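Novice: To start, I am sharing the structure in question, which I have written as structure tokens.
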Amino acid sequence: MTQPAPTGRGTTRRAVVAAAGAAGLAATLAACGKDDDGGSDSGSAGSARDAGSAQPSRSAQGGGSAPPSQGGGDGMELAKTSQIPEGGGMVFKDHKVVVTQPTAGEFKAFSAICTHAGCSVGDVSGGSINCPCHQSKFDITDGSVKGGPARKPLPGAQITVQGSSIRMA
């Protein structure tokens, strides 16, 4: 006795496998495309050159002076200026920010999320912010790419420096 031909009412194993493969391919392509579409453009308002630097008693966003006794530093304290080594920096993973001190008294802040694959950067050493996932390296002065697969700089982050306190803006 012969079996009747499928009538199109059920889902075939071939259709399930094809759909699963297509979903996996779409997820892989979305992850790989993150660097091209998900990073910040270096010319945007949040660039490291504009938003990533802060001087004592100055806002990292606008660069304007704040009176010593008020404003500009209402956010949570990240660190004391003495904790950020000159020529180095610190990663604050909980706040997704990295603060650097390229030269004495000059503090800069950048996103701690790598623009390549979205990993958290691991440390600051040798004049660069280093990502452990794929070894991308970013310059501590402006967040620009120094090496690795990343092609876009780290976006600037907003901090304020008041006296010896570095705060989220």
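Ordered as shown in the structure tokens, chains take letters A, B, and onward, while each chain numbers its residues from 1 and ligands are numbered from 1 in the order shown.
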Leaving out A:Val91 and any residue of its chain fewer than 2 positions from it, which residues lie within 8 Å of it when counting only C-alpha atoms, given as a VMD selection string?
Specialist: chain A and resid 89 93 96 to 99 112 121 to 124
Novice: Go ahead and write the residues just picked, N, CA and C atoms, as a PDB file, in the first residue's frame.
Specialist:
```
ATOM      1  N   GLY A  89      44.628  55.219  33.177  1.00  0.00           N
ATOM      2  CA  GLY A  89      43.224  55.426  33.452  1.00  0.00           C
ATOM      3  C   GLY A  89      42.624  54.272  34.220  1.00  0.00           C
ATOM      4  N   LYS A  93      33.342  49.510  35.073  1.00  0.00           N
ATOM      5  CA  LYS A  93      32.427  48.629  34.327  1.00  0.00           C
ATOM      6  C   LYS A  93      30.977  48.821  34.727  1.00  0.00           C
ATOM      7  N   LYS A  96      29.891  51.742  32.872  1.00  0.00           N
ATOM      8  CA  LYS A  96      30.208  51.653  31.440  1.00  0.00           C
ATOM      9  C   LYS A  96      30.973  52.876  30.949  1.00  0.00           C
ATOM     10  N   VAL A  97      31.965  53.284  31.757  1.00  0.00           N
ATOM     11  CA  VAL A  97      32.780  54.444  31.412  1.00  0.00           C
ATOM     12  C   VAL A  97      34.231  54.155  31.778  1.00  0.00           C
ATOM     13  N   VAL A  98      35.139  54.747  31.017  1.00  0.00           N
ATOM     14  CA  VAL A  98      36.564  54.685  31.329  1.00  0.00           C
ATOM     15  C   VAL A  98      37.064  56.121  31.424  1.00  0.00           C
ATOM     16  N   VAL A  99      37.821  56.402  32.485  1.00  0.00           N
ATOM     17  CA  VAL A  99      38.365  57.748  32.711  1.00  0.00           C
ATOM     18  C   VAL A  99      39.876  57.663  32.572  1.00  0.00           C
ATOM     19  N   ALA A 112      32.944  52.691  27.918  1.00  0.00           N
ATOM     20  CA  ALA A 112      33.761  51.501  28.163  1.00  0.00           C
ATOM     21  C   ALA A 112      33.282  50.332  27.310  1.00  0.00           C
ATOM     22  N   VAL A 121      35.605  47.146  27.715  1.00  0.00           N
ATOM     23  CA  VAL A 121      37.061  47.230  27.690  1.00  0.00           C
ATOM     24  C   VAL A 121      37.600  46.715  29.018  1.00  0.00           C
ATOM     25  N   GLY A 122      38.825  46.214  29.005  1.00  0.00           N
ATOM     26  CA  GLY A 122      39.348  45.554  30.188  1.00  0.00           C
ATOM     27  C   GLY A 122      40.255  46.385  31.056  1.00  0.00           C
ATOM     28  N   ASP A 123      41.137  47.175  30.445  1.00  0.00           N
ATOM     29  CA  ASP A 123      42.090  47.935  31.231  1.00  0.00           C
ATOM     30  C   ASP A 123      42.652  49.079  30.415  1.00  0.00           C
ATOM     31  N   VAL A 124      43.459  49.901  31.105  1.00  0.00           N
ATOM     32  CA  VAL A 124      44.162  51.008  30.471  1.00  0.00           C
ATOM     33  C   VAL A 124      45.639  50.819  30.802  1.00  0.00           C
TER      34      VAL A 124
END
```
Novice: At a cut-off of 9 Å, using only C-alpha atoms, what residues contact A:Ala150? Leave out same-chain residues fewer than 5 positions from it and give the result as a PyMOL selection string.
Specialist: chain A and resi 35+114-117+134-138+145
Novice: Just to confirm, what's the straight-line distance from atom CA of A:Gly105 to atom CA of A:Ile140 in Å (one decimal)?
Specialist: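 It comes out at 13.8 Å.
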Novice: Counting only C-alpha atoms, which residue out of A:Lys80, A:Ser120, A:Thr141, A:Glu106 sits closest to A:Phe92?
Specialist: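 When distances to A:Phe92 are compared using only C-alpha atoms, the smallest one comes from A:Ser120.
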Novice: What is the distance between atom CA of A:Thr160 and atom CA of A:Phe110, in Å to one decimal?
Specialist: 12.7 Å
